[in-house]
Amino acid sequence: MRRSKAVSAFAVLTVGVLTLSACGGGGGTDGGSGSGGVLTAAKGSQPDGIYKAPKVKSGKEVVVGHDAPYTTYNNQTADGNNFNNTLIANLILTEPFFVDINNKVLLNGDVMDAVEETSKSPQVITYKIKKGVQWSDGAAWDCDDFYLAWLSQSGKAKKPDGKSSYFTPAGTTGYEYITPECKDDLTFVTTYSQPYADYKGIFDKAAMLPAHILEKETGVADVTKVTPTSPEVEKVATFWNTGWNGFKKEIMPASGPYKMDSWQQGQFVRFVRNEKWGGNPGGPEAITMKSIADPTAQKQALQNGEMQIIAPQAEPVLAGQLRELSSQGVKYSAKAGATFEHLDLNFKRPLFQDKAFRQAFAECVNRNEIVDKLVKGVDPAAKPLGSLLFMAEESGYKDDFTSVMPADSAKAGKTLEAAGWAKGGDGIFAKGGQKASFKISHTDIPRRKQTVELIQSSCRQAGIQIEDDTDPNFLDERVSNGDYDVALFAWVGSPFKSEKKPIYITGGGQNWQGYSNKTVDAEMPKVDTEFDESVRDAALQKANKAMAEDYSSLPLFSLANLIAFNDNVTNVGYHSRNGSTWNAWEWEIS
């Protein structure tokens with residue numbers, strides 16, 4: 001899943017506040033659809049809008065299963081910004097704000113004294129860093145790190161052609177409006193060229209990387225003296241883009257409760273407590289993140305005690321098996337979340353430049369069958385999703401897609417015929433030498449392969465031929481390069497609505513499909529500058545309707561947040577945006 005900023009095999013798409021129950025301050029639990037005991041609010045959440053890591057009982061190592069391997073320490077690059085890297089970043093990189101499991105945005109009181117709007121016109125946000133905050137190697141976590149986050153993600157460091165950028169961030173939303181200033185080591189000031197409603201999403205998780213390491217590796221004496229037009233910016237960008245890939249413990253210090261300890265490529269990353277962390281120490285003495293693609297193998301490892309926590313892809317058979325483990329001390333929960341599966345059509349392919357063909361494809365995809373066979377066994381209340389920009393529980397939700405995705409293969413065939421396509425002897429339509437044939441690309445998750453099989457069947461009846469393109473590395477190496485006909489993956493939710501913009505506007509950093517629409521370009525930027533939620537919702541509704549009428553991307557269904565864990569671990573819950581490790585330091589294990 002890509003986590004954008006949507007980027008994952010979740011990319012970060014902001015989908016507003018999740019409708020999960022939450023308790024104040026103490027951290028509640030909820031039964032979900034399983035045996036109970038699932039956390040629904042962080043233990044460290046304070047009633048004054050501040051989060052601090054709570055005091056928890058010290059315990060032994062916890063082993064956590066996840067789908068795909070860790071690949072990079074820098075989760076903000078276009079290539080590296082994915083969900084499995086997010087699971088790692090949660091443990092080791094801190095940020096000015098903490099997003100609770102219910103998507104409540106709280107000031108991170110372990111590292112910040114304050115974040116204040118010190119002027120409204122122009123909008124000025126002043127960050128007051130807590131004295132003594134350090135990286136695990138003893139260097140200060142301070143203004144330099146904020147400046148590097150801005151420099152790398154502002155999109156202002158242009159190459160001589162004036163178009164392409166030296167840095168390759170997953171997105172630049174919000175950063176491009178900022179003029180930065182380090183008042184002193186502990187005071188960072190951002191002045192906005194226009195109002196920006198989602199300023200709390202700036203310098204978000206994994207954006208804050210160690211400037212002192214970059215300076216050492218590049219020979220730059222002071223990164224705060226490097227501007228987007230400085231001669232040194234190219235070598236700074238080169239290191240930022242690729243220098244933190246893989247595992248090099250000496251250049252990958254931690255600013256959060258845990259630090260990297262060891263790594264075996266493609267298999268696991270192990271973490272131990274960060275003794276330089278200024279907040280309360282994490283509960284587990286060590287955490288090992290072990291990647292296992294097969295959900296059944298994850299379940300078996302949990303059952304055997306080889307893992308204590310898993311959050312595999314939600315599949316009906318697996319869900320049933322996990323429910324049955326309650327008598328063996330396994331807690332389980334599956335609830336509709338803010339992550340959704342979708343299909344992105346690549347407008348760089350001539351086939352999808354034909355609107356009638358896009359329409360026919362949308363008409364032959366049987367979402368009802370997909371949900372009934374692949375989703376309801378996990379979440380009985382599941383139904384097809386009608387929006388790319390809102391989840392069904394949000395106040396701004398309007399279903400614009402059911403009408404354009406009627407699950408009618410016969411209608412799809414008539415749409416092609418009316419547009420001049422003719423069916424050949426093999427039953428597949430063709431026009432101008434182009435066959436109605438393409439590939440759907442995705443990672444090797446069983447549910448996605450089954451999704452493609454169902455689409456193949458329903459669209460074959462419409463005279464459209466679809467090939468399955470399963471690639472375990474699709475989300476790491478291909479999707480951000482637009483190397484696909486149709487991409488099947490999921491976007492991860494976020495409380496910051498502006499993070500949707502780079503996915504769909506013309507030339508957006510995560511608009512890998514090459515989509516362009518004047519209405520979308522006019523409406524989506526309003527979420528940056530508009531503080532009135534009703535006005536923002538109206539703009540997103542117009543954009544969503546335009547995308548539905550264009551058949552540009554096709555939402556399928558929202559994924560259930562599935563998590564299972566042994567009952568000797570407490571304070572565990574699943575965060576739609578940050579997964580199972582969002583509060584790992586709060587875990588207690590007996």
# chains A, B, ... in the order shown; residues from 1 in each chain; ligands from 1
$ select_by_dssp --residues "stretch 418-582 of chain A" --states "helix (DSSP H, G or I)" --output "ChimeraX atom specification"
/A:418,446-460,474-481,497-504,518-523,526-529,533-550
$ closest_atom_pairs --of "stretch 475-544 of chain A" --to "stretch 76-96 of chain A" --cutoff "9 Å" --atoms "only C-alpha atoms" --output "JSON lines"
{"residue": "A:Leu475", "atom": "CA", "partner": "A:Asn82", "partner_atom": "CA", "distance": 7.6}
{"residue": "A:Asp476", "atom": "CA", "partner": "A:Asp79", "partner_atom": "CA", "distance": 6.0}
{"residue": "A:Glu477", "atom": "CA", "partner": "A:Asp79", "partner_atom": "CA", "distance": 6.6}
{"residue": "A:Arg478", "atom": "CA", "partner": "A:Asp79", "partner_atom": "CA", "distance": 8.6}
{"residue": "A:Val479", "atom": "CA", "partner": "A:Asp79", "partner_atom": "CA", "distance": 8.6}
{"residue": "A:Ser480", "atom": "CA", "partner": "A:Asp79", "partner_atom": "CA", "distance": 6.4}
{"residue": "A:Asn481", "atom": "CA", "partner": "A:Asp79", "partner_atom": "CA", "distance": 8.6}
{"residue": "A:Val492", "atom": "CA", "partner": "A:Phe83", "partner_atom": "CA", "distance": 8.1}
{"residue": "A:Gly509", "atom": "CA", "partner": "A:Ala78", "partner_atom": "CA", "distance": 7.9}
{"residue": "A:Gln510", "atom": "CA", "partner": "A:Ala78", "partner_atom": "CA", "distance": 7.7}
$ write_last_selection --atoms "all heavy atoms" --output "PDB file, in the first residue's frame"
ATOM      1  N   LEU A 475       4.640  -1.544  -6.607  1.00  0.00           N
ATOM      2  CA  LEU A 475       4.480  -0.279  -5.899  1.00  0.00           C
ATOM      3  C   LEU A 475       5.796   0.373  -5.530  1.00  0.00           C
ATOM      4  O   LEU A 475       5.855   1.562  -5.259  1.00  0.00           O
ATOM      5  CB  LEU A 475       3.630  -0.494  -4.648  1.00  0.00           C
ATOM      6  CG  LEU A 475       2.176  -0.841  -4.964  1.00  0.00           C
ATOM      7  CD1 LEU A 475       1.459  -1.324  -3.741  1.00  0.00           C
ATOM      8  CD2 LEU A 475       1.455   0.338  -5.577  1.00  0.00           C
ATOM      9  N   ASP A 476       6.865  -0.396  -5.532  1.00  0.00           N
ATOM     10  CA  ASP A 476       8.179   0.154  -5.208  1.00  0.00           C
ATOM     11  C   ASP A 476       8.890   0.706  -6.429  1.00  0.00           C
ATOM     12  O   ASP A 476       9.635   1.674  -6.334  1.00  0.00           O
ATOM     13  CB  ASP A 476       9.064  -0.917  -4.571  1.00  0.00           C
ATOM     14  CG  ASP A 476       8.545  -1.364  -3.216  1.00  0.00           C
ATOM     15  OD1 ASP A 476       8.047  -0.507  -2.476  1.00  0.00           O
ATOM     16  OD2 ASP A 476       8.622  -2.565  -2.923  1.00  0.00           O
ATOM     17  N   GLU A 477       8.660   0.097  -7.587  1.00  0.00           N
ATOM     18  CA  GLU A 477       9.494   0.421  -8.742  1.00  0.00           C
ATOM     19  C   GLU A 477       8.728   0.947  -9.958  1.00  0.00           C
ATOM     20  O   GLU A 477       9.305   1.621 -10.796  1.00  0.00           O
ATOM     21  CB  GLU A 477      10.283  -0.824  -9.158  1.00  0.00           C
ATOM     22  CG  GLU A 477      11.210  -1.354  -8.066  1.00  0.00           C
ATOM     23  CD  GLU A 477      11.937  -2.621  -8.474  1.00  0.00           C
ATOM     24  OE1 GLU A 477      11.691  -3.110  -9.595  1.00  0.00           O
ATOM     25  OE2 GLU A 477      12.743  -3.124  -7.677  1.00  0.00           O
ATOM     26  N   ARG A 478       7.448   0.651 -10.069  1.00  0.00           N
ATOM     27  CA  ARG A 478       6.763   0.953 -11.326  1.00  0.00           C
ATOM     28  C   ARG A 478       5.661   1.998 -11.237  1.00  0.00           C
ATOM     29  O   ARG A 478       5.504   2.818 -12.143  1.00  0.00           O
ATOM     30  CB  ARG A 478       6.184  -0.344 -11.907  1.00  0.00           C
ATOM     31  CG  ARG A 478       7.245  -1.345 -12.364  1.00  0.00           C
ATOM     32  CD  ARG A 478       6.609  -2.647 -12.831  1.00  0.00           C
ATOM     33  NE  ARG A 478       5.558  -2.419 -13.799  1.00  0.00           N
ATOM     34  CZ  ARG A 478       4.671  -3.334 -14.167  1.00  0.00           C
ATOM     35  NH1 ARG A 478       4.697  -4.545 -13.623  1.00  0.00           N
ATOM     36  NH2 ARG A 478       3.740  -3.057 -15.068  1.00  0.00           N
ATOM     37  N   VAL A 479       4.869   1.950 -10.178  1.00  0.00           N
ATOM     38  CA  VAL A 479       3.679   2.794 -10.170  1.00  0.00           C
ATOM     39  C   VAL A 479       4.029   4.273 -10.264  1.00  0.00           C
ATOM     40  O   VAL A 479       3.387   5.027 -11.003  1.00  0.00           O
ATOM     41  CB  VAL A 479       2.801   2.500  -8.932  1.00  0.00           C
ATOM     42  CG1 VAL A 479       3.485   2.928  -7.644  1.00  0.00           C
ATOM     43  CG2 VAL A 479       1.448   3.181  -9.063  1.00  0.00           C
ATOM     44  N   SER A 480       5.065   4.719  -9.549  1.00  0.00           N
ATOM     45  CA  SER A 480       5.411   6.145  -9.567  1.00  0.00           C
ATOM     46  C   SER A 480       6.046   6.572 -10.884  1.00  0.00           C
ATOM     47  O   SER A 480       6.172   7.772 -11.153  1.00  0.00           O
ATOM     48  CB  SER A 480       6.352   6.488  -8.410  1.00  0.00           C
ATOM     49  OG  SER A 480       7.517   5.711  -8.461  1.00  0.00           O
ATOM     50  N   ASN A 481       6.420   5.606 -11.718  1.00  0.00           N
ATOM     51  CA  ASN A 481       6.937   5.914 -13.052  1.00  0.00           C
ATOM     52  C   ASN A 481       5.863   5.807 -14.127  1.00  0.00           C
ATOM     53  O   ASN A 481       6.148   5.947 -15.316  1.00  0.00           O
ATOM     54  CB  ASN A 481       8.093   4.967 -13.399  1.00  0.00           C
ATOM     55  CG  ASN A 481       9.308   5.210 -12.540  1.00  0.00           C
ATOM     56  OD1 ASN A 481       9.663   6.360 -12.279  1.00  0.00           O
ATOM     57  ND2 ASN A 481       9.957   4.153 -12.086  1.00  0.00           N
ATOM     58  N   VAL A 492      -4.078   5.455   1.290  1.00  0.00           N
ATOM     59  CA  VAL A 492      -4.245   5.465   2.732  1.00  0.00           C
ATOM     60  C   VAL A 492      -4.809   6.807   3.185  1.00  0.00           C
ATOM     61  O   VAL A 492      -4.397   7.853   2.683  1.00  0.00           O
ATOM     62  CB  VAL A 492      -2.886   5.217   3.432  1.00  0.00           C
ATOM     63  CG1 VAL A 492      -3.056   5.238   4.939  1.00  0.00           C
ATOM     64  CG2 VAL A 492      -2.316   3.886   2.984  1.00  0.00           C
ATOM     65  N   GLY A 509       2.495  15.764  -8.133  1.00  0.00           N
ATOM     66  CA  GLY A 509       3.614  14.867  -7.863  1.00  0.00           C
ATOM     67  C   GLY A 509       3.242  13.407  -7.793  1.00  0.00           C
ATOM     68  O   GLY A 509       4.077  12.537  -8.021  1.00  0.00           O
ATOM     69  N   GLN A 510       1.982  13.105  -7.478  1.00  0.00           N
ATOM     70  CA  GLN A 510       1.539  11.715  -7.429  1.00  0.00           C
ATOM     71  C   GLN A 510       0.496  11.407  -8.498  1.00  0.00           C
ATOM     72  O   GLN A 510      -0.149  10.363  -8.450  1.00  0.00           O
ATOM     73  CB  GLN A 510       0.997  11.405  -6.041  1.00  0.00           C
ATOM     74  CG  GLN A 510       2.112  11.414  -5.007  1.00  0.00           C
ATOM     75  CD  GLN A 510       1.579  11.389  -3.602  1.00  0.00           C
ATOM     76  OE1 GLN A 510       0.732  12.185  -3.232  1.00  0.00           O
ATOM     77  NE2 GLN A 510       2.086  10.482  -2.802  1.00  0.00           N
TER      78      GLN A 510
END
$ residues_around --residues "A:Ser193" --least-positions-apart "5" --cutoff "10 Å" --atoms "only C-alpha atoms" --output "list in words"
Ser121, Pro122, Gln123, Val124, Glu176, Tyr177, Ile178 and Thr179 of chain A
$ write_last_selection --atoms "all heavy atoms" --output "tab-separated table (two decimals), in the first residue's frame"
chain	number	residue	atom	x	y	z
A	121	SER	N	-2.11	37.48	8.52
A	121	SER	CA	-1.94	38.13	7.22
A	121	SER	C	-0.60	38.85	7.16
A	121	SER	O	-0.47	39.97	7.67
A	121	SER	CB	-3.09	39.13	6.97
A	121	SER	OG	-2.98	39.72	5.68
A	122	PRO	N	0.43	38.22	6.58
A	122	PRO	CA	0.39	36.87	6.02
A	122	PRO	C	0.33	35.80	7.12
A	122	PRO	O	0.65	36.08	8.29
A	122	PRO	CB	1.72	36.78	5.26
A	122	PRO	CG	2.63	37.65	6.06
A	122	PRO	CD	1.77	38.80	6.51
A	123	GLN	N	-0.06	34.60	6.73
A	123	GLN	CA	-0.09	33.52	7.70
A	123	GLN	C	1.35	33.13	8.07
A	123	GLN	O	2.18	32.85	7.21
A	123	GLN	CB	-0.80	32.30	7.11
A	123	GLN	CG	-0.97	31.16	8.11
A	123	GLN	CD	-1.67	29.96	7.49
A	123	GLN	OE1	-1.64	29.76	6.28
A	123	GLN	NE2	-2.30	29.15	8.33
A	124	VAL	N	1.63	33.16	9.37
A	124	VAL	CA	2.95	32.79	9.87
A	124	VAL	C	2.77	31.74	10.96
A	124	VAL	O	1.99	31.94	11.91
A	124	VAL	CB	3.71	34.01	10.45
A	124	VAL	CG1	5.05	33.57	11.03
A	124	VAL	CG2	3.92	35.07	9.37
A	176	GLU	N	5.29	24.40	-0.86
A	176	GLU	CA	5.61	25.36	-1.91
A	176	GLU	C	5.19	26.78	-1.57
A	176	GLU	O	5.62	27.74	-2.20
A	176	GLU	CB	4.95	24.92	-3.24
A	176	GLU	CG	3.44	25.08	-3.33
A	176	GLU	CD	2.68	23.84	-2.92
A	176	GLU	OE1	3.08	23.20	-1.93
A	176	GLU	OE2	1.67	23.52	-3.58
A	177	TYR	N	4.34	26.94	-0.56
A	177	TYR	CA	3.87	28.28	-0.17
A	177	TYR	C	4.77	28.92	0.90
A	177	TYR	O	4.56	30.09	1.26
A	177	TYR	CB	2.45	28.19	0.40
A	177	TYR	CG	1.46	27.51	-0.50
A	177	TYR	CD1	0.56	26.57	0.02
A	177	TYR	CD2	1.39	27.79	-1.86
A	177	TYR	CE1	-0.37	25.94	-0.79
A	177	TYR	CE2	0.47	27.15	-2.68
A	177	TYR	CZ	-0.41	26.23	-2.13
A	177	TYR	OH	-1.33	25.60	-2.93
A	178	ILE	N	5.75	28.17	1.40
A	178	ILE	CA	6.49	28.60	2.58
A	178	ILE	C	7.78	29.35	2.25
A	178	ILE	O	8.52	28.97	1.35
A	178	ILE	CB	6.85	27.36	3.45
A	178	ILE	CG1	5.59	26.78	4.11
A	178	ILE	CG2	7.90	27.70	4.50
A	178	ILE	CD1	5.85	25.48	4.85
A	179	THR	N	8.01	30.42	2.99
A	179	THR	CA	9.34	31.02	3.10
A	179	THR	C	9.83	30.68	4.50
A	179	THR	O	9.20	31.06	5.49
A	179	THR	CB	9.29	32.54	2.92
A	179	THR	OG1	8.82	32.85	1.60
A	179	THR	CG2	10.68	33.15	3.10
$ residues_around --residues "A:Thr339" --least-positions-apart "6" --cutoff "8 Å" --atoms "only C-alpha atoms" --output "PyMOL selection string"
chain A and resi 10+490-493+558-560+576-577
$ residues_around --residues "A:Val226" --least-positions-apart "5" --cutoff "12 Å" --atoms "only C-alpha atoms" --output "mmCIF file with N, CA, C and O atoms, in the first residue's frame"
data_model
loop_
_atom_site.group_PDB
_atom_site.id
_atom_site.type_symbol
_atom_site.label_atom_id
_atom_site.label_comp_id
_atom_site.auth_asym_id
_atom_site.auth_seq_id
_atom_site.Cartn_x
_atom_site.Cartn_y
_atom_site.Cartn_z
ATOM 1 N N ASP A 144 17.638 22.982 11.835
ATOM 2 C CA ASP A 144 18.250 22.486 10.608
ATOM 3 C C ASP A 144 17.406 21.398 9.959
ATOM 4 O O ASP A 144 17.280 21.329 8.725
ATOM 5 N N TYR A 147 14.394 22.861 8.290
ATOM 6 C CA TYR A 147 14.778 23.529 7.044
ATOM 7 C C TYR A 147 15.001 22.507 5.922
ATOM 8 O O TYR A 147 14.560 22.718 4.782
ATOM 9 N N LEU A 148 15.686 21.408 6.224
ATOM 10 C CA LEU A 148 15.923 20.382 5.208
ATOM 11 C C LEU A 148 14.609 19.801 4.705
ATOM 12 O O LEU A 148 14.451 19.561 3.498
ATOM 13 N N TRP A 150 11.777 21.324 4.479
ATOM 14 C CA TRP A 150 11.205 22.299 3.546
ATOM 15 C C TRP A 150 11.968 22.301 2.222
ATOM 16 O O TRP A 150 11.359 22.240 1.141
ATOM 17 N N LEU A 151 13.294 22.371 2.261
ATOM 18 C CA LEU A 151 14.102 22.461 1.054
ATOM 19 C C LEU A 151 13.826 21.282 0.117
ATOM 20 O O LEU A 151 13.689 21.457 -1.103
ATOM 21 N N SER A 152 13.720 20.096 0.687
ATOM 22 C CA SER A 152 13.567 18.890 -0.125
ATOM 23 C C SER A 152 12.163 18.709 -0.685
ATOM 24 O O SER A 152 11.983 18.006 -1.690
ATOM 25 N N ALA A 157 13.610 23.786 -6.027
ATOM 26 C CA ALA A 157 14.982 23.579 -6.513
ATOM 27 C C ALA A 157 14.930 22.990 -7.920
ATOM 28 O O ALA A 157 14.938 21.763 -8.111
ATOM 29 N N PRO A 180 10.964 29.945 4.612
ATOM 30 C CA PRO A 180 11.411 29.470 5.923
ATOM 31 C C PRO A 180 12.451 30.393 6.564
ATOM 32 O O PRO A 180 13.173 31.116 5.876
ATOM 33 N N ALA A 211 19.523 16.444 9.257
ATOM 34 C CA ALA A 211 20.310 17.369 8.434
ATOM 35 C C ALA A 211 21.802 17.201 8.693
ATOM 36 O O ALA A 211 22.617 17.339 7.769
ATOM 37 N N GLU A 215 24.687 16.755 5.872
ATOM 38 C CA GLU A 215 25.833 17.671 5.785
ATOM 39 C C GLU A 215 27.149 16.903 5.765
ATOM 40 O O GLU A 215 28.050 17.190 4.970
ATOM 41 N N VAL A 220 28.495 19.607 2.844
ATOM 42 C CA VAL A 220 27.875 20.923 3.009
ATOM 43 C C VAL A 220 28.004 21.339 4.469
ATOM 44 O O VAL A 220 27.613 20.597 5.378
ATOM 45 N N ALA A 221 28.541 22.504 4.709
ATOM 46 C CA ALA A 221 28.806 22.944 6.086
ATOM 47 C C ALA A 221 27.532 23.258 6.859
ATOM 48 O O ALA A 221 27.418 22.933 8.040
ATOM 49 N N PRO A 231 24.498 26.505 -5.722
ATOM 50 C CA PRO A 231 25.225 25.468 -6.466
ATOM 51 C C PRO A 231 25.234 24.124 -5.739
ATOM 52 O O PRO A 231 25.256 23.068 -6.375
ATOM 53 N N GLU A 232 25.202 24.155 -4.391
ATOM 54 C CA GLU A 232 25.281 22.911 -3.616
ATOM 55 C C GLU A 232 23.976 22.117 -3.621
ATOM 56 O O GLU A 232 23.948 20.974 -3.163
ATOM 57 N N VAL A 233 22.889 22.719 -4.127
ATOM 58 C CA VAL A 233 21.593 22.051 -3.988
ATOM 59 C C VAL A 233 21.546 20.723 -4.733
ATOM 60 O O VAL A 233 20.864 19.784 -4.311
ATOM 61 N N GLU A 234 22.290 20.608 -5.823
ATOM 62 C CA GLU A 234 22.247 19.365 -6.589
ATOM 63 C C GLU A 234 22.798 18.185 -5.788
ATOM 64 O O GLU A 234 22.190 17.115 -5.745
ATOM 65 N N LYS A 235 23.939 18.367 -5.125
ATOM 66 C CA LYS A 235 24.484 17.251 -4.360
ATOM 67 C C LYS A 235 23.671 16.980 -3.097
ATOM 68 O O LYS A 235 23.574 15.825 -2.647
ATOM 69 N N VAL A 236 23.066 18.019 -2.530
ATOM 70 C CA VAL A 236 22.160 17.815 -1.408
ATOM 71 C C VAL A 236 20.979 16.952 -1.843
ATOM 72 O O VAL A 236 20.586 15.997 -1.163
ATOM 73 N N ALA A 237 20.416 17.289 -3.010
ATOM 74 C CA ALA A 237 19.268 16.542 -3.528
ATOM 75 C C ALA A 237 19.642 15.111 -3.879
ATOM 76 O O ALA A 237 18.871 14.172 -3.630
#
$ closest_residue --among "A:Phe97, A:Phe565, A:Tyr127, A:Phe429" --to "A:Ile589" --atoms "only C-alpha atoms"
A:Phe565
$ closest_residue --among "A:Thr402, A:Ser409, A:Asn245, A:Ser230" --to "A:Lys159" --atoms "only C-alpha atoms"
A:Ser230
$ atom_distance --atom1 "atom CA of A:Phe401" --atom2 "atom CA of A:Phe557"
11.4 Å
$ select_by_dssp --residues "stretch 68-199 of chain A" --states "strand (DSSP E or B)" --output "number ranges by chain"
A: 72, 77, 82, 97-99, 105-108, 112-120, 123-129, 134, 140, 158, 165, 169, 178-184, 187-192
$ atom_distance --atom1 "atom CA of A:Ser516" --atom2 "atom CA of A:Gly171"
17.0 Å
$ closest_atom_pairs --of "stretch 312-336 of chain A" --to "stretch 431-453 of chain A" --cutoff "9 Å" --atoms "only C-alpha atoms" --output "JSON lines"
{"residue": "A:Gln313", "atom": "CA", "partner": "A:Ile445", "partner_atom": "CA", "distance": 7.5}
{"residue": "A:Ala314", "atom": "CA", "partner": "A:Arg447", "partner_atom": "CA", "distance": 8.1}
{"residue": "A:Glu315", "atom": "CA", "partner": "A:Arg447", "partner_atom": "CA", "distance": 6.7}
$ closest_residue --among "A:Ala114, A:Val38, A:Val330, A:Met391" --to "A:Pro555" --atoms "only C-alpha atoms"
A:Met391
$ atom_distance --atom1 "atom CA of A:Thr227" --atom2 "atom CA of A:Phe98"
28.9 Å
$ residues_around --residues "stretch 416-428 of chain A" --least-positions-apart "4" --cutoff "7 Å" --atoms "only C-alpha atoms" --output "JSON, numbers by chain"
{"A": [356, 357, 360, 412, 436, 463, 464, 465]}
$ write_last_selection --atoms "N, CA, C and O atoms" --output "PDB file, in the first residue's frame"
ATOM      1  N   ALA A 356     -14.702   6.832 -24.678  1.00  0.00           N
ATOM      2  CA  ALA A 356     -15.701   5.769 -24.820  1.00  0.00           C
ATOM      3  C   ALA A 356     -15.160   4.444 -24.310  1.00  0.00           C
ATOM      4  O   ALA A 356     -15.890   3.654 -23.697  1.00  0.00           O
ATOM      5  N   PHE A 357     -13.867   4.198 -24.535  1.00  0.00           N
ATOM      6  CA  PHE A 357     -13.297   2.953 -24.027  1.00  0.00           C
ATOM      7  C   PHE A 357     -13.219   2.983 -22.507  1.00  0.00           C
ATOM      8  O   PHE A 357     -13.508   1.983 -21.840  1.00  0.00           O
ATOM      9  N   ALA A 360     -16.637   2.232 -21.236  1.00  0.00           N
ATOM     10  CA  ALA A 360     -16.995   0.821 -21.367  1.00  0.00           C
ATOM     11  C   ALA A 360     -16.322  -0.020 -20.283  1.00  0.00           C
ATOM     12  O   ALA A 360     -16.933  -0.932 -19.709  1.00  0.00           O
ATOM     13  N   ALA A 412     -21.723  -2.076 -21.694  1.00  0.00           N
ATOM     14  CA  ALA A 412     -20.353  -1.742 -22.074  1.00  0.00           C
ATOM     15  C   ALA A 412     -20.095  -2.072 -23.535  1.00  0.00           C
ATOM     16  O   ALA A 412     -19.457  -1.293 -24.259  1.00  0.00           O
ATOM     17  N   ALA A 436      -9.128  -4.080 -27.907  1.00  0.00           N
ATOM     18  CA  ALA A 436      -9.601  -3.730 -26.566  1.00  0.00           C
ATOM     19  C   ALA A 436      -8.950  -4.674 -25.568  1.00  0.00           C
ATOM     20  O   ALA A 436      -9.592  -5.547 -24.973  1.00  0.00           O
ATOM     21  N   GLY A 463     -16.476  -7.968 -24.330  1.00  0.00           N
ATOM     22  CA  GLY A 463     -15.561  -7.928 -25.462  1.00  0.00           C
ATOM     23  C   GLY A 463     -14.258  -7.218 -25.164  1.00  0.00           C
ATOM     24  O   GLY A 463     -13.577  -6.744 -26.083  1.00  0.00           O
ATOM     25  N   ILE A 464     -13.901  -7.140 -23.887  1.00  0.00           N
ATOM     26  CA  ILE A 464     -12.649  -6.506 -23.461  1.00  0.00           C
ATOM     27  C   ILE A 464     -11.751  -7.573 -22.855  1.00  0.00           C
ATOM     28  O   ILE A 464     -12.167  -8.313 -21.963  1.00  0.00           O
ATOM     29  N   GLN A 465     -10.527  -7.635 -23.331  1.00  0.00           N
ATOM     30  CA  GLN A 465      -9.569  -8.634 -22.867  1.00  0.00           C
ATOM     31  C   GLN A 465      -8.605  -8.001 -21.863  1.00  0.00           C
ATOM     32  O   GLN A 465      -7.996  -6.981 -22.147  1.00  0.00           O
TER      33      GLN A 465
END
$ closest_residue --among "A:Thr288, A:Ser534, A:Thr40, A:Asn517" --to "A:Arg270" --atoms "only C-alpha atoms"
A:Thr288
$ residues_around --residues "A:Lys542" --least-positions-apart "5" --cutoff "8 Å" --atoms "only C-alpha atoms" --output "list in words"
Thr519, Val520 and Glu523 of chain A
$ write_last_selection --atoms "all heavy atoms" --output "PDB file, in the first residue's frame"
ATOM      1  N   THR A 519     -11.815  21.325 -14.358  1.00  0.00           N
ATOM      2  CA  THR A 519     -12.630  21.471 -13.152  1.00  0.00           C
ATOM      3  C   THR A 519     -11.859  21.007 -11.919  1.00  0.00           C
ATOM      4  O   THR A 519     -11.864  21.665 -10.875  1.00  0.00           O
ATOM      5  CB  THR A 519     -13.937  20.670 -13.279  1.00  0.00           C
ATOM      6  OG1 THR A 519     -14.699  21.193 -14.369  1.00  0.00           O
ATOM      7  CG2 THR A 519     -14.762  20.757 -11.997  1.00  0.00           C
ATOM      8  N   VAL A 520     -11.176  19.877 -12.051  1.00  0.00           N
ATOM      9  CA  VAL A 520     -10.377  19.354 -10.943  1.00  0.00           C
ATOM     10  C   VAL A 520      -9.273  20.342 -10.583  1.00  0.00           C
ATOM     11  O   VAL A 520      -9.023  20.632  -9.407  1.00  0.00           O
ATOM     12  CB  VAL A 520      -9.786  17.978 -11.300  1.00  0.00           C
ATOM     13  CG1 VAL A 520      -8.831  17.496 -10.214  1.00  0.00           C
ATOM     14  CG2 VAL A 520     -10.905  16.961 -11.523  1.00  0.00           C
ATOM     15  N   GLU A 523     -10.905  23.319  -8.707  1.00  0.00           N
ATOM     16  CA  GLU A 523     -11.560  23.085  -7.419  1.00  0.00           C
ATOM     17  C   GLU A 523     -10.632  22.551  -6.333  1.00  0.00           C
ATOM     18  O   GLU A 523     -10.715  22.967  -5.176  1.00  0.00           O
ATOM     19  CB  GLU A 523     -12.747  22.120  -7.605  1.00  0.00           C
ATOM     20  CG  GLU A 523     -13.850  22.645  -8.509  1.00  0.00           C
ATOM     21  CD  GLU A 523     -14.503  23.908  -7.968  1.00  0.00           C
ATOM     22  OE1 GLU A 523     -14.578  24.071  -6.732  1.00  0.00           O
ATOM     23  OE2 GLU A 523     -14.937  24.750  -8.783  1.00  0.00           O
TER      24      GLU A 523
END
$ closest_residue --among "A:Asp100, A:Asp48, A:Asp483, A:Glu588" --to "A:Leu345" --atoms "only C-alpha atoms"
A:Asp483
$ closest_residue --among "A:Val272, A:Leu556, A:Met524, A:Met252" --to "A:Asn544" --atoms "only C-alpha atoms"
A:Met524
